[in-house]
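In what follows, a single structure is set out as structure tokens and then discussed.
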Amino acid sequence: MTYEVDSTAVAASTPEKKQPWKELGLKKDEYERIVEILGRRPTSAELAMYSVMWSEHCSYKSSKIYLRQFGEKVTDEMKKHLMVGMGENAGVVDIGEGWAVTFKVESHNHPSYIEPFQGAATGVGGIVRDILTMGARPIAVMDQLRFGAVEHPDTARVVHGVVNGIGFYGNCLGLPNIGGETVFDKVYQGNPLVNALSVGAMKHADIKLAKASNPGDLVILFGARTGADGIGGVSVLASETFDADGPSRRPAVQVGDPFAEKVLIECCLELYAADVVAGIQDLGGAGLSCATSELASNGNAGMRVQLKDVLLRDESLTPEEILMSESQERMMAIVPPKKLKAFMAIVDKWEVETSVLGEVIDEPRLYIMWGEDEIVNVPPRTVAHDGPVYERPVKYPKWIDELNANGVIAAGLRRAEVASDLAAELVQVISSPNQASKSWITDQYDHYVGGNTALAMPDDSGMVRVSETSGLGVALATDANGRYGQLDPYAGAQLALAEAYRNVAASGAAPLAVTNCLNFGSPENPEVMWQFKQATAGLADGCLALGIPVTGGNVSFYNQTGDVAIHPTPVVGVLGVIDDVARRVPSGWQDEGNNIYLLGVTRDELDGSVWSEVIHDHLGGKPPVVDLAEEKKLADLLHGATLQGLLASAHDLSEGGLAQTMVESCLRFNVGARIWLGELQERDNLDTTAALFSESTARVLVSVGREDDVKFVGLCEARGVSVLRIGVTDGRGDDALLQVKDLADFSLQDLREPWAATIPDLFG
Amino acid sequence: MKIGVVTFPGTLDDRDAARAARLAGAEVVSLWHADTNLHKVDAVVLPGGFSYGDYLRCGAIAAQAPVMESIIKAANGGLPVLGICNGFQVLVESHLLPGGLIRNEHQNFICRDQKLRVENVDTAWTNEFELGQEITIPLKNGEGGYIATQETLKQLEGDGLIAFRYLELNPNGSMNDIAGLRNARGNVVGLMPHPEHAVEPGFGPDTATAMRSGVDGLKFFTSVMKALVNA
Amino acid sequence: MPKIIVEVMPKADLLDPQGKAVANALHRSGNERFENVRIGKRIELHVSGEVTEADLAQAKLVAESFLSNGVIEDVVNIHVEG
Amino acid sequence: MPKIIVEVMPKADLLDPQGKAVANALHRSGNERFENVRIGKRIELHVSGEVTEADLAQAKLVAESFLSNGVIEDVVNIHVEG
Ligand SMILES: Nc1ncnc2c1ncn2[C@@H]1O[C@H](COP(=O)(O)OP(=O)(O)O)[C@@H](O)[C@H]1O
Ligand SMILES: [Mg+2]
């Protein structure tokens with residue numbers, strides 16, 4: 001088979017040649033713009049490059065105009081800790097003592113539906129490389145998972161593959177998994193969401209950027225060989241919708257090798273320590289097309305590259321395929337020539353295959369050669385940064401009015417009145433798939449490796465020590481509630497932010513920065529675009545109100561089966577800092593005889609709640625009111641109380657309300673309690689259903705030792721946080737009881753059994 | 001006292017093992033898989049992880065590394081060697097300990113706080129425990145199912161070569177609930193659970209008194225320090 | 001007992017990390033003649049009595065639908081032994 | 001490129017949890033005819049040019065010493081293909 005090279009010379013002399021721009025996902029005007037930029041038709045290699053880089057996934061063409069507000073709605077105060085903002089591979093924040101932390105969450109949704117194991121595994125691999133690229137040692141991972149209905153026959157395939165894939169890759173990399181989310185809902189049936197987060201730490205001076213700015217520096221590709229994996233993966237997988245019969249074009253999937261990535265991590269960290277790289281970029285979606293054009297564009301320089309020097313796993317790959325290949329576990333470094341020897345000594349030590357592809361040049365152009373033929377000659381900015389920007393049509397979805405009007409009261413949902421019925425509902429709620437214990441999943445993840453994990457599942461946030469000398473550490477929590485998002489995407493995004501923020505605060509850390517992964521339907525649907533517009537505005541406004549900046553994130557569109565979009569699911573991650581992880585606060589009651597206080601006010605807010613879903617299979621109304629000023633006050637209080645060592649435990653209230661929080665607080669360390677709801681119901685004017693299951697925000701349940709009582713209540717009053725003693729911890733062990741006055745006495749055993757059994761019974 | 005901690009490509013818990021050895025008062029020397037030089041260490045830890053990705057069979061490729069030639073020779077001469085998880089697998093693949101480790105019976109990776117019974121205290125790595133002592137240390141593996149022929153099992157039981165057994169729950173289907181083994185001389189010990197993850201208050205398993213406060217694993221390292229002083 | 005043997009290999013154009021690691025190990029120990037290594041599965045299905053045509057057809061079915069993952073693997077051989 | 005195929009199975013008298021799990025799954029879906037399942041490895045060694053006697057002898061050696069662990073596995077077959 002002979003391959004006919006479509007060089008720039010050939011392209012110039014055959015302007016009439018028909019090109020498959022449409023099949024590559026480009027629109028007519030986009031193709032015309034490429035011709036205009038180049039002053040001729042693109043070569044097939046250039047076309048491949050533009051098509052993949054201008055895809056929704058790489059160019060953010062539909063979301064860009066909305067993401068800008070994350071950089072605009074910020075105060076100087078918010079920027080204070082921000083060392084690298086949005087736009088780089090991941091944002092970097094200063095956490096003090098000379099340490100910096102980088103973190104980001106990213107989606108791998110579509111690949112994980114086609115091949116759940118490899119899709120999820122390579123999702124972890126990709127986000128970890130992003131963190132590594134910033135100069136940091138990755139220190140932990142998290143995973144945010146959404147699957148279809150538990151009873152659907154395809155769900156088990158996806159659950160098993162995804163959980164195994166995440167465990168396989170993360171465990172083998174030696175990164176503790178410190179938390180995540182698992183949600184089942186039929187809206188994710190043909191479109192599971194697999195988001196992965198990674199966090200890394202480095203000293204300030206070690207931050208690396210993805211840029212090639214010094215002419216003469218060498219362009220080096222190292223890591224795994226390039227093969228046929230995921231060719232076209234980015235444009236096809238991320239930009240096309242699945243129709244009912246499954247994917248229209250079966251794309252080549254990517255296969256991950258976590259061992260190769262682990263070696264690559266250690267190798268890169270040694271390269272950084274030896275100070276031999278001037279710039280570095282991971283190869284993810286769009287492979288070499290992305291790495292070369294972004295490095296050059298970021299450095300305001302150009303590059304001359306010989307593609308025949310790429311080490312291949314499969315010699316039959318064409319240059320277009322090489323440019324588009326998404327083979328995993330590869331990095332591109334920019335290395336000054338005088339440091340090449342030192343560079344090679346380190347990659348040789350780690351047995352990492354390496355090839356020098358070319359050099360940085362003084363002219364803002366990217367030249368790619370295939371032997372003697374020039375196959376790419378483009379301004380790198382036009383590929384990497386000046387892609388199309390769309391202001392897609394936005395339309396208010398009329399159906400939302402009807403949905404909002406149909407709240408639990410309007411729909412007349414029955415509320416149990418007899419104590420035994422309420423008690424049965426409580427057990428039903430806490431053992432429903434979304435509320436039940438996730439240990440079956442999290443037990444498959446290593447959370448010990450590294451020896452720095454201070455908190456992990458099932459606590460409210462994951463926490464890792466960064467400095468072994470001082471105990472300085474970071475806490476992370478992520479949240480999203482698609483049901484709230486469906487009812488009101490603006491509030492939904494803020495509720496996700498508020499919950500993650502509250503979780504971080506509950507564990508004793510001070511919230512510092514935000515990342516997000518915005519999972520939505522098709523941007524070509526104006527109603528989806530409206531949801532997106534609302535959610536981004538909600539998130540940006542929310543961050544401004546809380547005073548913590550968005551440092552980076554990811555957008556995943558086209559999450560739909562046929563015409564039906566998923567619920568808007570903006571996953572929000574909040575990072576907090578704690579000066580000494582020894583101060584951390586667990587989510588469960590630890591000691592007997594402590595007082596239990598409910599902080600915050602409860603309203604009758606059951607629309608969109610777990611109770612409405614589990615007991616009545618209902619979704620309608622308006623999500624709980626968001627009060628970010630209250631959230632901030634609450635977080636400040638928790639932080640102050642943590643510093644004084646007043647809290648024996650703290651657990652936020654969210655899905656499932658007080659009922660869920662009480663039960664989890666008992667089961668964490670098997671400590672029982674006596675609870676009375678009467679004063680709460682009277683103070684906040686609630687019936688028992690609302691007292692138990694309302695999902696009002698800005699609430700946390702804490703336990704406090706008797707000796708600290710006066711101090712703690714004084715602190716709450718001084719800060720204007722409403723505080724009410726609703727119980728006392730009592731008893732330990734499986735025979736201990738959760739006694740809720742006028743409702744029921746539950747033995748911990750009777751709560752634990754259904755709560756722990758649900759997920760293993762379904763998938764074990 | 002110098003304890004060497006080996007790093008193979010894909011080793012994960014080397015920094016944790018080094019921390020544990022330091023907490024026990026040892027000086028730590030990093031040993032590199034490609035180097036046959038043991039740098040005059042007084043004992044060696046083969047840490048956990050996924051050496052060479054655990055491809056083919058866990059521990060099999062690592063067992064071929066240059067450093068293992070020296071370790072096998074030194075172990076046969078009495079050098080204390082502790083293999084943790086992947087390190088245990090390497091010891092088995094190097095035939096320093098008998099039998100094999102295969103995929104967990106339930107097919108999944110499992111990470112949990114595991115209760116063990118100390119079955120033998122006459123080794124370089126267990127002399128600080130009491131016979132029959134119950135300890136809790138983290139366990140995390142995908143291929144921790146211990147198997148051996150009936151003959152081998154009989155011999156292990158008869159000669160008292162079983163160092164640790166799983167209590168309450170056998171997490172991976174190991175035969176005879178075997179969690180760890182010793183060699184006849186008592187200088188080589190291998191086990192699937194991770195003592196190096198239970199050495200520092202705040203970062204270990206939960207105990208009845210406080211969260212994450214379990215430090216039962218530290219005794220492995222203080223044991224070897226004592227053995228070396230007395231040697 | 002007779003067996004139906006099902007052989008499954010990773011697809012030729014996808015990465016086989018296991019094969020790669022083993023090839024590297026072989027090369028390090030001087031076995032350069034084995035340029036490339038790929039590792040798949042050999043699955044024995046034990047059938048009591050005779051292996052009938054129907055058994056074989058069923059084995060083929062489960063080989064394609066369950067024992068292998070068509071997205072990343074190929075069934076390269078099915079045959080009867082013993 | 002011609003290949004030497006090395007086939008490795010868990011020893012007959014030892015546990016094969018993976019095989020057991022697959023057998024259970026097959027039985028649950030009505031495939032009771034496959035009474036027992038055992039899962040081993042199929043390893044391809046790619047050799048450029050001809051496969052010589054020496055190559056085959058060497059393959060045998062690495063099959064016994066490295067590709068399988070004699071304590072728990074057996075090499076059940078070595079042959080040349082293609
Ligand atoms: N897929 C997952 N991976 C890791 N941890 C998870 C996963 N799903 C749930 N968890 C953990 O389980 C615990 C309970 O989860 P959840 O009830 O969703 O927490 P919250 O209500 O605080 O958001 C948390 O510690 C969470 O981090
Ligand atoms: Mg929480």
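Going by the structure tokens order, chains are called A, B, ..., each with residues numbered from 1, while ligands are numbered from 1 in the order shown.
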
Selection: 8 Å around range 37-45 of chain D, only C-alpha atoms, excl. self and same-chain fewer than 6 positions, as JSON, numbers by chain: {"C": [7, 8, 9, 34, 35, 36, 37, 38, 39, 40, 41, 42, 43, 44, 45, 46], "D": [3, 4, 5, 6, 7, 8, 9, 10, 16, 18, 19, 20, 22, 23]}

Take the residues from that selection and put them in a file with N, CA and C atoms, as a PDB file, in the first residue's frame.
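Heads up, here's the output in part.pdb:
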```pdb
ATOM      1  N   GLU C   7      -9.989 -19.060  22.526  1.00  0.00           N
ATOM      2  CA  GLU C   7      -8.792 -18.221  22.651  1.00  0.00           C
ATOM      3  C   GLU C   7      -9.131 -16.786  22.279  1.00  0.00           C
ATOM      4  N   VAL C   8      -8.783 -15.879  23.155  1.00  0.00           N
ATOM      5  CA  VAL C   8      -9.139 -14.467  23.005  1.00  0.00           C
ATOM      6  C   VAL C   8      -7.864 -13.633  23.047  1.00  0.00           C
ATOM      7  N   MET C   9      -7.715 -12.733  22.106  1.00  0.00           N
ATOM      8  CA  MET C   9      -6.514 -11.872  22.100  1.00  0.00           C
ATOM      9  C   MET C   9      -6.927 -10.395  22.043  1.00  0.00           C
ATOM     10  N   PHE C  34      12.429 -12.563  20.314  1.00  0.00           N
ATOM     11  CA  PHE C  34      10.979 -12.415  20.485  1.00  0.00           C
ATOM     12  C   PHE C  34      10.652 -10.926  20.441  1.00  0.00           C
ATOM     13  N   GLU C  35      10.499 -10.431  19.206  1.00  0.00           N
ATOM     14  CA  GLU C  35      10.428  -8.980  19.015  1.00  0.00           C
ATOM     15  C   GLU C  35       9.248  -8.360  19.719  1.00  0.00           C
ATOM     16  N   ASN C  36       8.151  -9.070  19.651  1.00  0.00           N
ATOM     17  CA  ASN C  36       6.917  -8.519  20.145  1.00  0.00           C
ATOM     18  C   ASN C  36       6.185  -9.606  20.925  1.00  0.00           C
ATOM     19  N   VAL C  37       5.480  -9.223  21.939  1.00  0.00           N
ATOM     20  CA  VAL C  37       4.723 -10.208  22.712  1.00  0.00           C
ATOM     21  C   VAL C  37       3.301  -9.692  22.865  1.00  0.00           C
ATOM     22  N   ARG C  38       2.335 -10.569  22.709  1.00  0.00           N
ATOM     23  CA  ARG C  38       0.953 -10.190  23.016  1.00  0.00           C
ATOM     24  C   ARG C  38       0.349 -11.264  23.905  1.00  0.00           C
ATOM     25  N   ILE C  39      -0.432 -10.816  24.864  1.00  0.00           N
ATOM     26  CA  ILE C  39      -0.968 -11.776  25.827  1.00  0.00           C
ATOM     27  C   ILE C  39      -2.483 -11.726  25.853  1.00  0.00           C
ATOM     28  N   GLY C  40      -3.059 -12.901  25.660  1.00  0.00           N
ATOM     29  CA  GLY C  40      -4.516 -13.000  25.693  1.00  0.00           C
ATOM     30  C   GLY C  40      -4.929 -14.094  26.643  1.00  0.00           C
ATOM     31  N   LYS C  41      -6.151 -14.588  26.438  1.00  0.00           N
ATOM     32  CA  LYS C  41      -6.684 -15.583  27.361  1.00  0.00           C
ATOM     33  C   LYS C  41      -6.927 -16.904  26.659  1.00  0.00           C
ATOM     34  N   ARG C  42      -6.771 -17.960  27.418  1.00  0.00           N
ATOM     35  CA  ARG C  42      -7.138 -19.289  26.957  1.00  0.00           C
ATOM     36  C   ARG C  42      -8.172 -19.796  27.933  1.00  0.00           C
ATOM     37  N   ILE C  43      -9.373 -19.972  27.434  1.00  0.00           N
ATOM     38  CA  ILE C  43     -10.494 -20.321  28.313  1.00  0.00           C
ATOM     39  C   ILE C  43     -10.956 -21.731  27.989  1.00  0.00           C
ATOM     40  N   GLU C  44     -10.972 -22.578  28.986  1.00  0.00           N
ATOM     41  CA  GLU C  44     -11.461 -23.945  28.796  1.00  0.00           C
ATOM     42  C   GLU C  44     -12.880 -24.063  29.313  1.00  0.00           C
ATOM     43  N   LEU C  45     -13.776 -24.533  28.445  1.00  0.00           N
ATOM     44  CA  LEU C  45     -15.139 -24.836  28.883  1.00  0.00           C
ATOM     45  C   LEU C  45     -15.251 -26.358  28.946  1.00  0.00           C
ATOM     46  N   HIS C  46     -15.455 -26.898  30.139  1.00  0.00           N
ATOM     47  CA  HIS C  46     -15.520 -28.352  30.278  1.00  0.00           C
ATOM     48  C   HIS C  46     -16.954 -28.818  30.075  1.00  0.00           C
TER      49      HIS C  46
ATOM     50  N   LYS D   3       4.593 -16.555  14.644  1.00  0.00           N
ATOM     51  CA  LYS D   3       4.480 -16.453  16.100  1.00  0.00           C
ATOM     52  C   LYS D   3       4.665 -17.812  16.745  1.00  0.00           C
ATOM     53  N   ILE D   4       5.273 -17.788  17.921  1.00  0.00           N
ATOM     54  CA  ILE D   4       5.262 -18.983  18.755  1.00  0.00           C
ATOM     55  C   ILE D   4       4.174 -18.750  19.812  1.00  0.00           C
ATOM     56  N   ILE D   5       3.274 -19.719  19.905  1.00  0.00           N
ATOM     57  CA  ILE D   5       2.176 -19.572  20.868  1.00  0.00           C
ATOM     58  C   ILE D   5       2.473 -20.428  22.097  1.00  0.00           C
ATOM     59  N   VAL D   6       2.471 -19.782  23.245  1.00  0.00           N
ATOM     60  CA  VAL D   6       2.684 -20.498  24.508  1.00  0.00           C
ATOM     61  C   VAL D   6       1.377 -20.467  25.288  1.00  0.00           C
ATOM     62  N   GLU D   7       0.895 -21.635  25.686  1.00  0.00           N
ATOM     63  CA  GLU D   7      -0.366 -21.664  26.428  1.00  0.00           C
ATOM     64  C   GLU D   7      -0.116 -22.138  27.858  1.00  0.00           C
ATOM     65  N   VAL D   8      -0.631 -21.350  28.798  1.00  0.00           N
ATOM     66  CA  VAL D   8      -0.371 -21.604  30.218  1.00  0.00           C
ATOM     67  C   VAL D   8      -1.707 -21.715  30.945  1.00  0.00           C
ATOM     68  N   MET D   9      -1.846 -22.748  31.767  1.00  0.00           N
ATOM     69  CA  MET D   9      -3.095 -22.909  32.531  1.00  0.00           C
ATOM     70  C   MET D   9      -2.776 -23.063  34.022  1.00  0.00           C
ATOM     71  N   PRO D  10      -3.729 -22.627  34.870  1.00  0.00           N
ATOM     72  CA  PRO D  10      -3.542 -22.911  36.296  1.00  0.00           C
ATOM     73  C   PRO D  10      -3.507 -24.421  36.510  1.00  0.00           C
ATOM     74  N   ASP D  16      -9.023 -22.000  40.800  1.00  0.00           N
ATOM     75  CA  ASP D  16      -9.000 -20.978  39.759  1.00  0.00           C
ATOM     76  C   ASP D  16     -10.231 -20.095  39.962  1.00  0.00           C
ATOM     77  N   GLN D  18     -11.064 -17.173  39.085  1.00  0.00           N
ATOM     78  CA  GLN D  18     -11.588 -16.460  37.926  1.00  0.00           C
ATOM     79  C   GLN D  18     -12.451 -17.398  37.088  1.00  0.00           C
ATOM     80  N   GLY D  19     -11.931 -18.617  36.879  1.00  0.00           N
ATOM     81  CA  GLY D  19     -12.692 -19.617  36.132  1.00  0.00           C
ATOM     82  C   GLY D  19     -14.009 -19.923  36.823  1.00  0.00           C
ATOM     83  N   LYS D  20     -13.941 -20.001  38.141  1.00  0.00           N
ATOM     84  CA  LYS D  20     -15.151 -20.318  38.899  1.00  0.00           C
ATOM     85  C   LYS D  20     -16.184 -19.201  38.746  1.00  0.00           C
ATOM     86  N   VAL D  22     -16.500 -17.132  36.279  1.00  0.00           N
ATOM     87  CA  VAL D  22     -17.059 -17.151  34.928  1.00  0.00           C
ATOM     88  C   VAL D  22     -18.054 -18.308  34.796  1.00  0.00           C
ATOM     89  N   ALA D  23     -17.714 -19.467  35.362  1.00  0.00           N
ATOM     90  CA  ALA D  23     -18.635 -20.606  35.311  1.00  0.00           C
ATOM     91  C   ALA D  23     -19.959 -20.243  35.980  1.00  0.00           C
TER      92      ALA D  23
END
```

Kindly determine which residues of chain A lie within 8 Å of chain B, considering only C-alpha atoms, and give the answer as a ChimeraX atom specification. /A:164,167,172-174,258-260,262-263,350,443-454,582,590

Please extract the residues at most 9 Å from ligand 1, counting only C-alpha atoms and all ligand atoms, and provide them as an NGL selection string, using the chain letters and residue numbers of this document. :A and (141-146 or 163 or 166 or 177-183 or 434-439 or 441-443 or 445 or 455-462 or 477-480 or 499-500 or 503 or 651-656 or 660-661 or 664)

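Of note, CA of His567 in chain A and CA of Arg502 in chain A are spaced 23.1 Å apart.
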
Could you tell me how far CA of Val389 in chain A lies from CA of Ser44 in chain A, in Å and to one decimal? 23.2 Å

With a cut-off of 7 Å and counting only C-alpha atoms, select all residues of chain B in contact with chain D and give the selection as an MDAnalysis selection string. chainID B and resid 99:100 105 107

For the residues in that selection, give me N, CA and C atoms as a PDB file, in the first residue's frame.
```
ATOM      1  N   GLY B  99       4.624 -21.375  47.413  1.00  0.00           N
ATOM      2  CA  GLY B  99       3.232 -21.148  47.027  1.00  0.00           C
ATOM      3  C   GLY B  99       3.081 -20.050  45.993  1.00  0.00           C
ATOM      4  N   GLY B 100       1.854 -19.556  45.869  1.00  0.00           N
ATOM      5  CA  GLY B 100       1.597 -18.514  44.879  1.00  0.00           C
ATOM      6  C   GLY B 100       0.469 -17.614  45.332  1.00  0.00           C
ATOM      7  N   GLU B 105     -10.601 -14.145  45.384  1.00  0.00           N
ATOM      8  CA  GLU B 105     -11.724 -15.018  45.070  1.00  0.00           C
ATOM      9  C   GLU B 105     -12.924 -14.238  44.528  1.00  0.00           C
ATOM     10  N   GLN B 107     -12.854 -11.524  42.951  1.00  0.00           N
ATOM     11  CA  GLN B 107     -12.457 -10.873  41.697  1.00  0.00           C
ATOM     12  C   GLN B 107     -12.212  -9.374  41.795  1.00  0.00           C
TER      13      GLN B 107
END
```

Shell of 9 Å around Met1 in chain D, only C-alpha atoms, local chain residues under 5 positions omitted, as a PDB file with all heavy atoms, in the first residue's frame:
```pdb
ATOM      1  N   HIS D  46       6.275 -13.005  18.924  1.00  0.00           N
ATOM      2  CA  HIS D  46       6.443 -12.728  17.491  1.00  0.00           C
ATOM      3  C   HIS D  46       7.920 -12.781  17.128  1.00  0.00           C
ATOM      4  O   HIS D  46       8.740 -12.135  17.773  1.00  0.00           O
ATOM      5  CB  HIS D  46       5.884 -11.354  17.146  1.00  0.00           C
ATOM      6  CG  HIS D  46       4.411 -11.246  17.378  1.00  0.00           C
ATOM      7  ND1 HIS D  46       3.596 -10.406  16.678  1.00  0.00           N
ATOM      8  CD2 HIS D  46       3.588 -11.892  18.251  1.00  0.00           C
ATOM      9  CE1 HIS D  46       2.353 -10.520  17.110  1.00  0.00           C
ATOM     10  NE2 HIS D  46       2.326 -11.414  18.070  1.00  0.00           N
ATOM     11  N   VAL D  47       8.212 -13.565  16.093  1.00  0.00           N
ATOM     12  CA  VAL D  47       9.607 -13.743  15.677  1.00  0.00           C
ATOM     13  C   VAL D  47       9.724 -13.279  14.225  1.00  0.00           C
ATOM     14  O   VAL D  47       8.888 -13.636  13.401  1.00  0.00           O
ATOM     15  CB  VAL D  47       9.995 -15.239  15.768  1.00  0.00           C
ATOM     16  CG1 VAL D  47      11.436 -15.441  15.348  1.00  0.00           C
ATOM     17  CG2 VAL D  47       9.767 -15.754  17.170  1.00  0.00           C
ATOM     18  N   SER D  48      10.752 -12.488  13.925  1.00  0.00           N
ATOM     19  CA  SER D  48      10.861 -12.061  12.527  1.00  0.00           C
ATOM     20  C   SER D  48      11.625 -13.123  11.748  1.00  0.00           C
ATOM     21  O   SER D  48      12.504 -13.796  12.271  1.00  0.00           O
ATOM     22  CB  SER D  48      11.543 -10.694  12.435  1.00  0.00           C
ATOM     23  OG  SER D  48      12.921 -10.847  12.581  1.00  0.00           O
ATOM     24  N   GLY D  49      11.245 -13.287  10.487  1.00  0.00           N
ATOM     25  CA  GLY D  49      11.868 -14.329   9.654  1.00  0.00           C
ATOM     26  C   GLY D  49      11.274 -15.688   9.988  1.00  0.00           C
ATOM     27  O   GLY D  49      10.103 -15.810  10.315  1.00  0.00           O
ATOM     28  N   GLU D  50      12.104 -16.731   9.866  1.00  0.00           N
ATOM     29  CA  GLU D  50      11.678 -18.107  10.148  1.00  0.00           C
ATOM     30  C   GLU D  50      11.740 -18.388  11.639  1.00  0.00           C
ATOM     31  O   GLU D  50      12.589 -17.855  12.333  1.00  0.00           O
ATOM     32  CB  GLU D  50      12.666 -19.103   9.496  1.00  0.00           C
ATOM     33  CG  GLU D  50      12.574 -19.245   8.014  1.00  0.00           C
ATOM     34  CD  GLU D  50      11.484 -20.222   7.612  1.00  0.00           C
ATOM     35  OE1 GLU D  50      11.684 -21.442   7.760  1.00  0.00           O
ATOM     36  OE2 GLU D  50      10.421 -19.741   7.144  1.00  0.00           O
ATOM     37  N   GLY D  82       1.491 -19.302  11.678  1.00  0.00           N
ATOM     38  CA  GLY D  82       1.719 -18.280  10.635  1.00  0.00           C
ATOM     39  C   GLY D  82       3.079 -18.365   9.988  1.00  0.00           C
ATOM     40  O   GLY D  82       3.992 -19.000  10.448  1.00  0.00           O
TER      41      GLY D  82
END
```

Give me the residues within 9 Å of range 79-94 of chain A as a VMD selection string, counting only C-alpha atoms and dropping any in the same chain fewer than 6 places off. chain A and resid 70 to 71 100 to 104 130 to 131 133 to 134 204 207 209 to 210 281 to 282 512 to 513 515 548 to 553

Provide as a ChimeraX atom specification the residues of chain A at most 7 Å from chain C, counting only C-alpha atoms. /A:115,228-229,255,257

Ranking D:Ile78, D:Leu61, D:Arg28, D:Asp55 by minimum distance to chain C and counting only C-alpha atoms, which one comes first?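 That would be D:Asp55, the residue with the smallest distance to chain C.
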
To test your reading of the structure, identify every residue in chain C that backbone DSSP assigns to helix (DSSP H, G or I), and report it as a ChimeraX atom specification. /C:17-28,53-67
